[in-house]
Amino acid sequence: MMATDVQIGARRVISRNPATGETLCEFECASAAEVGAAVERARAAQPAWASVGVRARVEILRRFQRLLHQKKDDIARTITRENGKPQVEALLTEVLVVLDAARFLIENAYAVLKPEPVPHGNLVMKTKSAHLVREPYGVIGIISPWNYPFSTPATEGLAALVAGNAVVIKPSEFTPLAALELASLLHEAGVPADVFQVVVGDGSAGAVLVEAPIDKIVFTGSVRTGKRVAEAAAKKLLPVLLELGGKDPMLVLEDADLDVVTSGALWGAFMNAGQTCLSVERCYVARSLCERFLTVVVEKTRKLRVGNGLDPETDIGPLIHEQQLRVVEAHVADAIARGARLLTGGRRLLELGPNFYAPTVLADVTHEMRIMREETFGPVLPVMPFATDDEAVRLANDSEFGLAASVWTGDRRRGEALARRIQAGTVMVNDVISCFGISEAPHGGVKSSGLGRAHGRLGLEEMVRVKHLDSDLLPRVRKVWWFGYGAEFARQMEGFVDLLFSTSWVRRIGGGLKSAKAYIRKGRL
Ligand code: NAD
């Protein structure tokens with residue numbers, strides 16, 4: 001059973017609880033005309049929103065933060081009912097992440113967005129004064145996935161709003177309620193209704209939003225859809241921010257603390273039932289530690305409690321829908337058929353409900369298996385030994401993805417040295433996934449994992465166009481380099497270039513003397 005069905009003929013989006021199959025809400029899928037009208041309203045409302053200024057928008061953000069804090073339990077519960085994750089995870093990885101992202105913007109938006117002086121190092125440009133002015137794009141379209149249905153659109157949306165943009169969000173068809181809750185909190189806090197809108201629909205509504213007259217598209221989702229969005233955007237040179245999938249490696253060195261690293265692997269691989277872009281999807285363990293690592297990790301995995309996320313005792317909730325279960329099953333079956341050892345899990349838990357899968361540990365995996373190459377997005381920890389640090393780095397980098405990675409070691413320096421060699425947007429030493437909760441840090445990937453960065457200062461910079469505004473301080477003086485060229489002027493300018501860049505002090509001084517007359521040159525046009 002699907003968490004949410006999109007009935008193509010009837011064009012309806014049905015939000016379902018993936019733990020029980022219960023229908024939570026039904027929506028008409030937004031039509032192309034409705035998406036277009038939302039963008040038009042956003043465009044009309046945006047100039048007034050931009051003109052209220054950053055400080056006024058920050059005050060609205062402060063109100064939003066207070067409201068979200070007051071309603072934190074209700075929001076977390078909605079997320080759990082619609083997405084399945086344990087409610088405490090919804091509180092920590094969604095609500096808390098957004099409260100802190102708001103804190104970051106409240107504290108930093110003004111400083112990041114205020115005009116920034118541009119120094120003029122070139123001697124000839126010293127008579128100018130310039131600033132970088134950060135201007136909102138206008139209307140930003142945000143397309144988001146179901147796995148972080150609140151924190152993903154919220155962190156991106158808050159940055160877009162505080163920069164003065166209007167926002168139209170197309171949430172995942174599997175989790176529209178979380179995005180609607182976000183909109184209602186923002187409206188209550190004072191964001192005008194047309195400045196922040198949600199259009200509920202399936203992928204076709206997303207495609208229409210990309211085609212609509214927006215000024216930037218911020219897409220979070222799979223590599224496959226991300227490429228489609230990028231193609232459509234390229235046709236009209238629409239700027240894109242792409243936050244795509246991952247296949248994050250975890251490197252466990254022989255000096256890692258066995259108890260800590262096995263617990264880290266468990267949480268990294270199984271939190272949100274493995275449906276996190278930053279999940280541990282590949283685990284490489286130093287050969288001398290590998291069998292002990294497997295024994296402890298399996299012991300701990302068997303203690304995990306799988307169930308309905310509304311039960312506070314639950315560690316792992318259901319997967320989002322049947323299709324996701326099938327991907328996980330196919331990857332596990334392929335691995336076993338090619339010689340992987342199934343140490344625990346590897347089956348559906350039908351007794352719990354429609355979409356539950358047992359946390360699974362696989363040993364003896366290889367890079368020929370789908371489980372080590374494609375994004376699995378389920379509660380599976382495939383473990384592979386390595387002999388040397390060089391081999392660990394080579395294996396980590398042998399992937400089309402490059403979102404994040406982690407290195408686990410008792411020697412922080414060695415960990416950081418390895419981290420520098422790993423191709424990824426983020427590498428954590430002795431932790432995993434929690435980088436998403438560091439509001440100051442950028443989030444984003446390299447290779448197929450995406451383009452651009454969300455979160456932090458770099459994420460805020462993604463929401464503005466940078467204008468270079470330059471004023472001449474001598475408006476009554478013609479520039480030396482303007483027309484009226486000639487052999488004399490060419491010699492003077494050669495001297496000027498020597499003055500600036502010759503490695504010989506004699507030539508520099510000579511160049512200075514030669515060029516001095518250029519400033520009083522006659523015959524300038
Ligand atoms: P998805 O690509 O199937 O869908 C994402 C969104 O795109 C949905 O809203 C969907 O309706 C929409 N969409 C589908 N077809 C479209 C089209 N042709 N044009 C425009 N929009 C379209 O992804 P998903 O299954 O919802 O999410 C899981 C994926 O998201 C995983 O790959 C995961 O790694 C990735 N993800 C990445 C990050 C990150 O920050 N890098 C964060 C969360 C999830």
# chains A, B, ... in the order shown; residues from 1 in each chain; ligands from 1
>>> select_by_dssp(residues="stretch 75-228 of chain A", states="helix (DSSP H, G or I)", output="ChimeraX atom specification")
/A:75-83,87-113,123-125,151-162,176-189,193-195,203-211,223-228
>>> residues_near_ligand(ligand="ligand 1", cutoff="7 Å", atoms="only C-alpha atoms and all ligand atoms", output="PyMOL selection string")
chain A and resi 143-148+152+170-173+201-207+210+220-226+228-229+243-246+276-277+375+403+443-445+449-450
>>> write_last_selection(atoms="C-alpha atoms", output="mmCIF file, in the first residue's frame")
data_model
loop_
_atom_site.group_PDB
_atom_site.id
_atom_site.type_symbol
_atom_site.label_atom_id
_atom_site.label_comp_id
_atom_site.auth_asym_id
_atom_site.auth_seq_id
_atom_site.Cartn_x
_atom_site.Cartn_y
_atom_site.Cartn_z
ATOM 1 C CA ILE A 143 10.218 21.514 -5.095
ATOM 2 C CA SER A 144 10.733 19.224 -2.139
ATOM 3 C CA PRO A 145 10.785 15.508 -1.251
ATOM 4 C CA TRP A 146 8.922 13.492 1.384
ATOM 5 C CA ASN A 147 11.784 12.358 3.620
ATOM 6 C CA TYR A 148 12.231 15.720 5.403
ATOM 7 C CA THR A 152 13.680 20.842 3.687
ATOM 8 C CA LYS A 170 5.466 22.196 -4.627
ATOM 9 C CA PRO A 171 5.836 19.649 -1.819
ATOM 10 C CA SER A 172 6.084 15.917 -2.371
ATOM 11 C CA GLU A 173 2.742 14.353 -3.260
ATOM 12 C CA GLY A 201 0.338 18.109 -6.778
ATOM 13 C CA ASP A 202 2.439 15.339 -8.221
ATOM 14 C CA GLY A 203 5.533 15.489 -10.418
ATOM 15 C CA SER A 204 3.612 17.063 -13.278
ATOM 16 C CA ALA A 205 2.765 20.059 -11.076
ATOM 17 C CA GLY A 206 6.494 20.288 -10.306
ATOM 18 C CA ALA A 207 7.284 20.256 -14.029
ATOM 19 C CA VAL A 210 9.737 24.811 -13.492
ATOM 20 C CA THR A 220 15.542 18.656 -3.585
ATOM 21 C CA GLY A 221 14.955 15.072 -4.645
ATOM 22 C CA SER A 222 16.374 12.202 -6.650
ATOM 23 C CA VAL A 223 19.170 12.474 -9.204
ATOM 24 C CA ARG A 224 16.803 11.276 -11.918
ATOM 25 C CA THR A 225 14.226 14.010 -11.343
ATOM 26 C CA GLY A 226 16.960 16.558 -10.630
ATOM 27 C CA ARG A 228 14.985 16.490 -15.660
ATOM 28 C CA VAL A 229 14.520 19.719 -13.738
ATOM 29 C CA GLU A 243 20.071 18.980 -3.656
ATOM 30 C CA LEU A 244 20.078 15.385 -4.849
ATOM 31 C CA GLY A 245 20.707 11.850 -3.677
ATOM 32 C CA GLY A 246 23.651 10.314 -1.903
ATOM 33 C CA THR A 276 17.919 10.297 4.671
ATOM 34 C CA CYS A 277 20.004 11.794 1.888
ATOM 35 C CA GLU A 375 20.913 4.848 -3.558
ATOM 36 C CA LEU A 403 26.919 14.247 -0.826
ATOM 37 C CA HIS A 443 24.573 21.600 2.828
ATOM 38 C CA GLY A 444 25.023 20.195 -0.664
ATOM 39 C CA GLY A 445 26.971 17.773 -2.756
ATOM 40 C CA SER A 449 24.656 14.758 -5.607
ATOM 41 C CA GLY A 450 23.893 18.256 -6.806
#
>>> closest_atom_pairs(of="stretch 73-161 of chain A", to="stretch 51-65 of chain A", cutoff="9 Å", atoms="only C-alpha atoms", output="tab-separated table")
residue	atom	partner	partner_atom	distance
A:Val98	CA	A:Gln65	CA	8.3
A:Leu99	CA	A:Gln65	CA	5.8
A:Asp100	CA	A:Gln65	CA	8.7
A:Ala102	CA	A:Gln65	CA	6.4
A:Arg103	CA	A:Gln65	CA	7.8
A:Leu105	CA	A:Val58	CA	7.5
A:Ile106	CA	A:Val58	CA	5.5
A:Glu107	CA	A:Val58	CA	8.7
A:Ala109	CA	A:Val54	CA	7.3
A:Tyr110	CA	A:Val54	CA	6.2
A:Leu113	CA	A:Val54	CA	7.9
A:Lys114	CA	A:Val54	CA	8.7
A:Leu158	CA	A:Leu61	CA	7.8
A:Leu161	CA	A:Arg57	CA	7.7
>>> write_last_selection(atoms="C-alpha atoms", output="PDB file, in the first residue's frame")
ATOM      1  CA  VAL A  98      13.959  24.780  11.469  1.00  0.00           C
ATOM      2  CA  LEU A  99      13.925  26.656  14.799  1.00  0.00           C
ATOM      3  CA  ASP A 100      17.698  26.852  14.583  1.00  0.00           C
ATOM      4  CA  ALA A 102      15.409  30.684  11.857  1.00  0.00           C
ATOM      5  CA  ARG A 103      17.822  31.588  14.682  1.00  0.00           C
ATOM      6  CA  LEU A 105      18.796  33.930   9.813  1.00  0.00           C
ATOM      7  CA  ILE A 106      17.571  36.210  12.603  1.00  0.00           C
ATOM      8  CA  GLU A 107      21.154  36.658  13.785  1.00  0.00           C
ATOM      9  CA  ALA A 109      20.550  37.848   7.578  1.00  0.00           C
ATOM     10  CA  TYR A 110      21.142  41.564   7.949  1.00  0.00           C
ATOM     11  CA  LEU A 113      22.499  40.879   2.933  1.00  0.00           C
ATOM     12  CA  LYS A 114      23.736  44.410   3.628  1.00  0.00           C
ATOM     13  CA  LEU A 158      12.993  30.907   5.176  1.00  0.00           C
ATOM     14  CA  LEU A 161      11.824  34.886   2.238  1.00  0.00           C
TER      15      LEU A 161
END
>>> residues_around(residues="A:Cys29", least_positions_apart="2", cutoff="10 Å", atoms="only C-alpha atoms", output="list in words")
Val6, Gln7, Ile8, Ala10, Arg11, Arg12, Val13, Ile14, Glu26, Phe27, Ser31, Ala32, Glu34, Glu173, Val199, Val200, Gly201, Asp202, Ser204 and Ala205 of chain A
>>> write_last_selection(atoms="all heavy atoms", output="short mmCIF file (atom, residue, chain, number, x, y, z; two decimals), in the first residue's frame")
data_model
loop_
_atom_site.label_atom_id
_atom_site.label_comp_id
_atom_site.auth_asym_id
_atom_site.auth_seq_id
_atom_site.Cartn_x
_atom_site.Cartn_y
_atom_site.Cartn_z
N VAL A 6 -1.21 8.95 -6.01
CA VAL A 6 -1.61 10.00 -6.92
C VAL A 6 -2.45 9.32 -7.97
O VAL A 6 -1.97 8.48 -8.71
CB VAL A 6 -0.40 10.68 -7.57
CG1 VAL A 6 -0.87 11.74 -8.53
CG2 VAL A 6 0.49 11.28 -6.51
N GLN A 7 -3.74 9.63 -8.01
CA GLN A 7 -4.62 8.98 -8.98
C GLN A 7 -4.59 9.84 -10.23
O GLN A 7 -5.18 10.90 -10.28
CB GLN A 7 -6.02 8.86 -8.39
CG GLN A 7 -6.00 8.01 -7.13
CD GLN A 7 -7.32 8.00 -6.42
OE1 GLN A 7 -8.24 8.75 -6.77
NE2 GLN A 7 -7.45 7.15 -5.43
N ILE A 8 -3.84 9.32 -11.20
CA ILE A 8 -3.54 10.14 -12.37
C ILE A 8 -4.81 10.61 -13.07
O ILE A 8 -4.98 11.79 -13.33
CB ILE A 8 -2.63 9.37 -13.36
CG1 ILE A 8 -1.33 8.97 -12.67
CG2 ILE A 8 -2.36 10.19 -14.62
CD1 ILE A 8 -0.48 10.10 -12.16
N ALA A 10 -8.01 10.82 -11.96
CA ALA A 10 -8.79 11.77 -11.16
C ALA A 10 -7.93 12.94 -10.69
O ALA A 10 -8.45 13.92 -10.20
CB ALA A 10 -9.36 11.05 -9.96
N ARG A 11 -6.59 12.81 -10.87
CA ARG A 11 -5.65 13.86 -10.46
C ARG A 11 -5.89 14.25 -9.01
O ARG A 11 -6.19 15.39 -8.69
CB ARG A 11 -5.76 15.09 -11.37
CG ARG A 11 -5.78 14.80 -12.83
CD ARG A 11 -4.44 14.81 -13.52
NE ARG A 11 -3.65 15.96 -13.19
CZ ARG A 11 -2.34 15.89 -12.93
NH1 ARG A 11 -1.74 14.73 -12.97
NH2 ARG A 11 -1.67 16.97 -12.64
N ARG A 12 -5.78 13.26 -8.14
CA ARG A 12 -5.92 13.55 -6.72
C ARG A 12 -4.66 13.12 -5.97
O ARG A 12 -4.01 12.14 -6.34
CB ARG A 12 -7.13 12.81 -6.14
CG ARG A 12 -8.45 13.36 -6.65
CD ARG A 12 -9.61 12.68 -5.96
NE ARG A 12 -9.84 13.17 -4.61
CZ ARG A 12 -10.34 14.37 -4.29
NH1 ARG A 12 -10.63 15.23 -5.25
NH2 ARG A 12 -10.55 14.72 -3.05
N VAL A 13 -4.34 13.88 -4.95
CA VAL A 13 -3.23 13.51 -4.07
C VAL A 13 -3.85 13.08 -2.75
O VAL A 13 -4.67 13.81 -2.19
CB VAL A 13 -2.30 14.74 -3.86
CG1 VAL A 13 -1.37 14.51 -2.68
CG2 VAL A 13 -1.50 15.04 -5.12
N ILE A 14 -3.49 11.87 -2.32
CA ILE A 14 -4.07 11.37 -1.06
C ILE A 14 -2.94 11.15 -0.07
O ILE A 14 -2.07 10.31 -0.29
CB ILE A 14 -4.84 10.05 -1.28
CG1 ILE A 14 -5.89 10.24 -2.38
CG2 ILE A 14 -5.49 9.60 0.02
CD1 ILE A 14 -6.58 8.96 -2.78
N GLU A 26 -7.25 14.35 1.47
CA GLU A 26 -7.26 14.23 0.00
C GLU A 26 -7.25 15.62 -0.61
O GLU A 26 -7.88 16.54 -0.09
CB GLU A 26 -8.53 13.51 -0.47
CG GLU A 26 -8.54 12.05 -0.10
CD GLU A 26 -9.59 11.28 -0.87
OE1 GLU A 26 -9.87 11.64 -2.04
OE2 GLU A 26 -10.14 10.32 -0.29
N PHE A 27 -6.56 15.74 -1.70
CA PHE A 27 -6.46 17.04 -2.38
C PHE A 27 -6.70 16.86 -3.87
O PHE A 27 -6.34 15.84 -4.45
CB PHE A 27 -5.05 17.63 -2.25
CG PHE A 27 -4.60 17.85 -0.84
CD1 PHE A 27 -4.02 16.81 -0.12
CD2 PHE A 27 -4.76 19.09 -0.24
CE1 PHE A 27 -3.59 17.01 1.19
CE2 PHE A 27 -4.34 19.30 1.07
CZ PHE A 27 -3.75 18.26 1.78
N SER A 31 -3.82 22.21 -11.02
CA SER A 31 -3.75 22.19 -12.49
C SER A 31 -2.63 23.14 -12.94
O SER A 31 -2.15 23.96 -12.15
CB SER A 31 -5.08 22.65 -13.08
OG SER A 31 -5.25 24.02 -12.75
N ALA A 32 -2.30 23.04 -14.21
CA ALA A 32 -1.26 23.93 -14.75
C ALA A 32 -1.70 25.39 -14.57
O ALA A 32 -0.88 26.25 -14.21
CB ALA A 32 -1.02 23.62 -16.22
N GLU A 34 -3.62 26.61 -12.26
CA GLU A 34 -3.52 27.00 -10.84
C GLU A 34 -2.06 27.28 -10.44
O GLU A 34 -1.79 28.22 -9.69
CB GLU A 34 -4.12 25.92 -9.94
CG GLU A 34 -5.64 25.96 -9.96
CD GLU A 34 -6.30 24.71 -9.41
OE1 GLU A 34 -5.64 23.65 -9.34
OE2 GLU A 34 -7.48 24.78 -9.07
N GLU A 173 4.13 14.82 -3.26
CA GLU A 173 2.74 14.35 -3.26
C GLU A 173 2.48 13.40 -2.09
O GLU A 173 1.34 13.11 -1.76
CB GLU A 173 2.39 13.68 -4.59
CG GLU A 173 3.32 12.56 -5.04
CD GLU A 173 4.52 13.06 -5.85
OE1 GLU A 173 5.11 14.08 -5.46
OE2 GLU A 173 4.86 12.43 -6.85
N VAL A 199 1.55 24.78 -3.64
CA VAL A 199 0.68 24.13 -4.63
C VAL A 199 0.84 22.63 -4.46
O VAL A 199 1.95 22.10 -4.51
CB VAL A 199 0.99 24.55 -6.09
CG1 VAL A 199 0.57 25.98 -6.35
CG2 VAL A 199 2.46 24.39 -6.44
N VAL A 200 -0.26 21.96 -4.19
CA VAL A 200 -0.21 20.51 -3.94
C VAL A 200 -0.42 19.79 -5.27
O VAL A 200 -1.36 20.08 -6.01
CB VAL A 200 -1.31 20.11 -2.93
CG1 VAL A 200 -1.36 18.59 -2.78
CG2 VAL A 200 -1.03 20.76 -1.58
N GLY A 201 0.47 18.87 -5.53
CA GLY A 201 0.34 18.11 -6.78
C GLY A 201 1.45 17.10 -6.91
O GLY A 201 2.33 17.00 -6.05
N ASP A 202 1.42 16.35 -7.99
CA ASP A 202 2.44 15.34 -8.22
C ASP A 202 3.59 15.92 -9.04
O ASP A 202 3.74 17.15 -9.16
CB ASP A 202 1.82 14.12 -8.91
CG ASP A 202 1.14 14.50 -10.22
OD1 ASP A 202 1.29 15.66 -10.64
OD2 ASP A 202 0.47 13.64 -10.81
N SER A 204 3.97 16.20 -12.13
CA SER A 204 3.61 17.06 -13.28
C SER A 204 3.39 18.51 -12.82
O SER A 204 3.72 19.45 -13.55
CB SER A 204 2.39 16.52 -14.02
OG SER A 204 1.30 16.49 -13.14
N ALA A 205 2.90 18.68 -11.60
CA ALA A 205 2.77 20.06 -11.08
C ALA A 205 4.15 20.66 -10.87
O ALA A 205 4.37 21.86 -11.10
CB ALA A 205 1.98 20.05 -9.76
#
>>> closest_residue(among="A:Leu418, A:Glu181, A:Ile169, A:Gly274", to="A:Gln324", atoms="only C-alpha atoms")
A:Gly274
>>> residues_around(residues="A:Glu254", least_positions_apart="4", cutoff="10 Å", atoms="only C-alpha atoms", output="PyMOL selection string")
chain A and resi 258+285-290+387-388+408-410
>>> write_last_selection(atoms="N, CA, C and O atoms", output="PDB file, in the first residue's frame")
ATOM      1  N   LEU A 258      35.101   0.995  19.430  1.00  0.00           N
ATOM      2  CA  LEU A 258      34.162   0.018  18.864  1.00  0.00           C
ATOM      3  C   LEU A 258      32.715   0.286  19.304  1.00  0.00           C
ATOM      4  O   LEU A 258      31.781   0.209  18.496  1.00  0.00           O
ATOM      5  N   VAL A 285      35.177  -0.876   6.823  1.00  0.00           N
ATOM      6  CA  VAL A 285      35.779  -1.046   8.147  1.00  0.00           C
ATOM      7  C   VAL A 285      37.170  -1.659   7.991  1.00  0.00           C
ATOM      8  O   VAL A 285      37.359  -2.603   7.196  1.00  0.00           O
ATOM      9  N   ALA A 286      38.131  -1.140   8.773  1.00  0.00           N
ATOM     10  CA  ALA A 286      39.498  -1.682   8.745  1.00  0.00           C
ATOM     11  C   ALA A 286      39.437  -3.192   8.977  1.00  0.00           C
ATOM     12  O   ALA A 286      38.727  -3.664   9.895  1.00  0.00           O
ATOM     13  N   ARG A 287      40.156  -3.940   8.154  1.00  0.00           N
ATOM     14  CA  ARG A 287      40.042  -5.415   8.176  1.00  0.00           C
ATOM     15  C   ARG A 287      40.248  -5.971   9.586  1.00  0.00           C
ATOM     16  O   ARG A 287      39.524  -6.873  10.021  1.00  0.00           O
ATOM     17  N   SER A 288      41.212  -5.406  10.332  1.00  0.00           N
ATOM     18  CA  SER A 288      41.524  -5.966  11.660  1.00  0.00           C
ATOM     19  C   SER A 288      40.347  -5.791  12.634  1.00  0.00           C
ATOM     20  O   SER A 288      40.251  -6.485  13.644  1.00  0.00           O
ATOM     21  N   LEU A 289      39.445  -4.845  12.337  1.00  0.00           N
ATOM     22  CA  LEU A 289      38.331  -4.554  13.256  1.00  0.00           C
ATOM     23  C   LEU A 289      37.016  -5.140  12.746  1.00  0.00           C
ATOM     24  O   LEU A 289      36.035  -5.245  13.489  1.00  0.00           O
ATOM     25  N   CYS A 290      37.005  -5.568  11.480  1.00  0.00           N
ATOM     26  CA  CYS A 290      35.731  -5.781  10.787  1.00  0.00           C
ATOM     27  C   CYS A 290      34.840  -6.845  11.444  1.00  0.00           C
ATOM     28  O   CYS A 290      33.659  -6.598  11.662  1.00  0.00           O
ATOM     29  N   ALA A 387      42.011  -2.636   3.601  1.00  0.00           N
ATOM     30  CA  ALA A 387      43.328  -2.973   4.156  1.00  0.00           C
ATOM     31  C   ALA A 387      44.118  -1.724   4.547  1.00  0.00           C
ATOM     32  O   ALA A 387      44.750  -1.694   5.596  1.00  0.00           O
ATOM     33  N   THR A 388      44.072  -0.698   3.707  1.00  0.00           N
ATOM     34  CA  THR A 388      44.894   0.501   3.988  1.00  0.00           C
ATOM     35  C   THR A 388      44.025   1.759   3.863  1.00  0.00           C
ATOM     36  O   THR A 388      42.955   1.727   3.248  1.00  0.00           O
ATOM     37  N   TRP A 408      35.826   7.672  11.027  1.00  0.00           N
ATOM     38  CA  TRP A 408      35.760   7.379  12.458  1.00  0.00           C
ATOM     39  C   TRP A 408      37.125   6.887  12.920  1.00  0.00           C
ATOM     40  O   TRP A 408      37.650   5.900  12.401  1.00  0.00           O
ATOM     41  N   THR A 409      37.685   7.576  13.903  1.00  0.00           N
ATOM     42  CA  THR A 409      39.049   7.272  14.337  1.00  0.00           C
ATOM     43  C   THR A 409      39.313   7.895  15.701  1.00  0.00           C
ATOM     44  O   THR A 409      38.665   8.887  16.070  1.00  0.00           O
ATOM     45  N   GLY A 410      40.292   7.314  16.428  1.00  0.00           N
ATOM     46  CA  GLY A 410      40.715   7.922  17.687  1.00  0.00           C
ATOM     47  C   GLY A 410      41.691   9.060  17.451  1.00  0.00           C
ATOM     48  O   GLY A 410      42.050   9.780  18.386  1.00  0.00           O
TER      49      GLY A 410
END
>>> residues_around(residues="stretch 81-85 of chain A", least_positions_apart="5", cutoff="9 Å", atoms="only C-alpha atoms", output="number ranges by chain")
A: 3-4, 15-19, 24, 76, 90, 146-149, 174-178, 271-273, 308-310, 315-320
>>> write_last_selection(atoms="N, CA and C atoms", output="mmCIF file, in the first residue's frame")
data_model
loop_
_atom_site.group_PDB
_atom_site.id
_atom_site.type_symbol
_atom_site.label_atom_id
_atom_site.label_comp_id
_atom_site.auth_asym_id
_atom_site.auth_seq_id
_atom_site.Cartn_x
_atom_site.Cartn_y
_atom_site.Cartn_z
ATOM 1 N N ALA A 3 1.949 5.181 0.761
ATOM 2 C CA ALA A 3 1.677 6.192 1.790
ATOM 3 C C ALA A 3 0.710 7.218 1.222
ATOM 4 N N THR A 4 0.904 7.580 -0.003
ATOM 5 C CA THR A 4 0.015 8.518 -0.671
ATOM 6 C C THR A 4 -0.101 8.059 -2.112
ATOM 7 N N SER A 15 -2.958 11.940 1.007
ATOM 8 C CA SER A 15 -1.924 11.791 2.030
ATOM 9 C C SER A 15 -2.316 10.640 2.952
ATOM 10 N N ARG A 16 -1.392 9.677 3.110
ATOM 11 C CA ARG A 16 -1.695 8.504 3.951
ATOM 12 C C ARG A 16 -0.631 8.319 5.011
ATOM 13 N N ASN A 17 -1.047 7.761 6.128
ATOM 14 C CA ASN A 17 -0.094 7.392 7.179
ATOM 15 C C ASN A 17 0.596 6.093 6.749
ATOM 16 N N PRO A 18 1.915 6.126 6.538
ATOM 17 C CA PRO A 18 2.582 4.920 6.024
ATOM 18 C C PRO A 18 2.636 3.782 7.048
ATOM 19 N N ALA A 19 2.402 4.111 8.323
ATOM 20 C CA ALA A 19 2.433 3.059 9.343
ATOM 21 C C ALA A 19 1.143 2.248 9.351
ATOM 22 N N LEU A 24 -5.164 10.430 5.494
ATOM 23 C CA LEU A 24 -5.140 11.620 6.347
ATOM 24 C C LEU A 24 -5.865 12.782 5.700
ATOM 25 N N ALA A 76 5.359 18.134 14.964
ATOM 26 C CA ALA A 76 6.109 16.866 14.948
ATOM 27 C C ALA A 76 5.146 15.696 14.745
ATOM 28 N N ALA A 90 11.120 13.549 14.454
ATOM 29 C CA ALA A 90 10.462 14.684 13.794
ATOM 30 C C ALA A 90 10.762 15.970 14.567
ATOM 31 N N TRP A 146 9.755 13.906 0.250
ATOM 32 C CA TRP A 146 8.922 13.492 1.384
ATOM 33 C C TRP A 146 9.734 13.125 2.616
ATOM 34 N N ASN A 147 11.050 12.946 2.487
ATOM 35 C CA ASN A 147 11.784 12.358 3.620
ATOM 36 C C ASN A 147 12.043 13.355 4.747
ATOM 37 N N TYR A 148 12.208 14.650 4.381
ATOM 38 C CA TYR A 148 12.231 15.720 5.403
ATOM 39 C C TYR A 148 11.185 16.735 4.953
ATOM 40 N N PRO A 149 9.914 16.387 5.121
ATOM 41 C CA PRO A 149 8.852 17.157 4.473
ATOM 42 C C PRO A 149 8.642 18.538 5.057
ATOM 43 N N PHE A 174 3.557 12.906 -1.447
ATOM 44 C CA PHE A 174 3.380 11.983 -0.326
ATOM 45 C C PHE A 174 3.265 12.704 1.012
ATOM 46 N N THR A 175 3.672 13.977 1.046
ATOM 47 C CA THR A 175 3.679 14.697 2.335
ATOM 48 C C THR A 175 3.234 16.159 2.181
ATOM 49 N N PRO A 176 2.061 16.401 1.619
ATOM 50 C CA PRO A 176 1.652 17.807 1.466
ATOM 51 C C PRO A 176 1.295 18.485 2.786
ATOM 52 N N LEU A 177 0.856 17.701 3.801
ATOM 53 C CA LEU A 177 0.355 18.337 5.032
ATOM 54 C C LEU A 177 1.459 19.092 5.769
ATOM 55 N N ALA A 178 2.666 18.516 5.766
ATOM 56 C CA ALA A 178 3.770 19.174 6.480
ATOM 57 C C ALA A 178 4.039 20.543 5.871
ATOM 58 N N MET A 271 18.393 5.663 10.997
ATOM 59 C CA MET A 271 17.464 6.716 11.421
ATOM 60 C C MET A 271 16.586 7.114 10.230
ATOM 61 N N ASN A 272 15.350 7.488 10.517
ATOM 62 C CA ASN A 272 14.358 7.756 9.468
ATOM 63 C C ASN A 272 14.257 6.554 8.524
ATOM 64 N N ALA A 273 14.452 5.353 9.084
ATOM 65 C CA ALA A 273 14.401 4.094 8.327
ATOM 66 C C ALA A 273 15.346 4.131 7.113
ATOM 67 N N ASN A 308 5.252 1.881 15.000
ATOM 68 C CA ASN A 308 4.590 3.139 14.668
ATOM 69 C C ASN A 308 5.356 4.294 15.320
ATOM 70 N N GLY A 309 5.667 5.315 14.538
ATOM 71 C CA GLY A 309 6.454 6.439 15.043
ATOM 72 C C GLY A 309 5.772 7.212 16.159
ATOM 73 N N LEU A 310 4.463 7.045 16.318
ATOM 74 C CA LEU A 310 3.759 7.756 17.390
ATOM 75 C C LEU A 310 4.007 7.101 18.752
ATOM 76 N N ASP A 315 12.142 3.049 17.680
ATOM 77 C CA ASP A 315 13.384 3.595 17.122
ATOM 78 C C ASP A 315 13.245 3.824 15.621
ATOM 79 N N ILE A 316 12.582 2.888 14.949
ATOM 80 C CA ILE A 316 12.507 2.949 13.487
ATOM 81 C C ILE A 316 11.054 2.795 13.042
ATOM 82 N N GLY A 317 10.612 3.722 12.205
ATOM 83 C CA GLY A 317 9.246 3.665 11.691
ATOM 84 C C GLY A 317 9.191 2.917 10.363
ATOM 85 N N PRO A 318 8.084 3.068 9.655
ATOM 86 C CA PRO A 318 7.920 2.388 8.369
ATOM 87 C C PRO A 318 8.667 3.126 7.259
ATOM 88 N N LEU A 319 8.799 2.459 6.119
ATOM 89 C CA LEU A 319 9.242 3.178 4.919
ATOM 90 C C LEU A 319 8.049 3.956 4.379
ATOM 91 N N ILE A 320 8.324 4.852 3.453
ATOM 92 C CA ILE A 320 7.260 5.757 3.026
ATOM 93 C C ILE A 320 6.181 5.042 2.219
#
>>> decode(residues="stretch 162-173 of chain A", atoms="C-alpha atoms", output="PDB file, in the first residue's frame")
ATOM      1  CA  VAL A 162      14.257  36.800   4.428  1.00  0.00           C
ATOM      2  CA  ALA A 163      16.170  37.790   1.284  1.00  0.00           C
ATOM      3  CA  GLY A 164      12.961  39.392  -0.045  1.00  0.00           C
ATOM      4  CA  ASN A 165      11.718  36.737  -2.470  1.00  0.00           C
ATOM      5  CA  ALA A 166       8.231  35.372  -2.872  1.00  0.00           C
ATOM      6  CA  VAL A 167       8.075  31.568  -2.739  1.00  0.00           C
ATOM      7  CA  VAL A 168       5.905  28.949  -4.420  1.00  0.00           C
ATOM      8  CA  ILE A 169       6.415  25.469  -2.983  1.00  0.00           C
ATOM      9  CA  LYS A 170       5.466  22.196  -4.627  1.00  0.00           C
ATOM     10  CA  PRO A 171       5.836  19.649  -1.819  1.00  0.00           C
ATOM     11  CA  SER A 172       6.084  15.917  -2.371  1.00  0.00           C
ATOM     12  CA  GLU A 173       2.742  14.353  -3.260  1.00  0.00           C
TER      13      GLU A 173
END
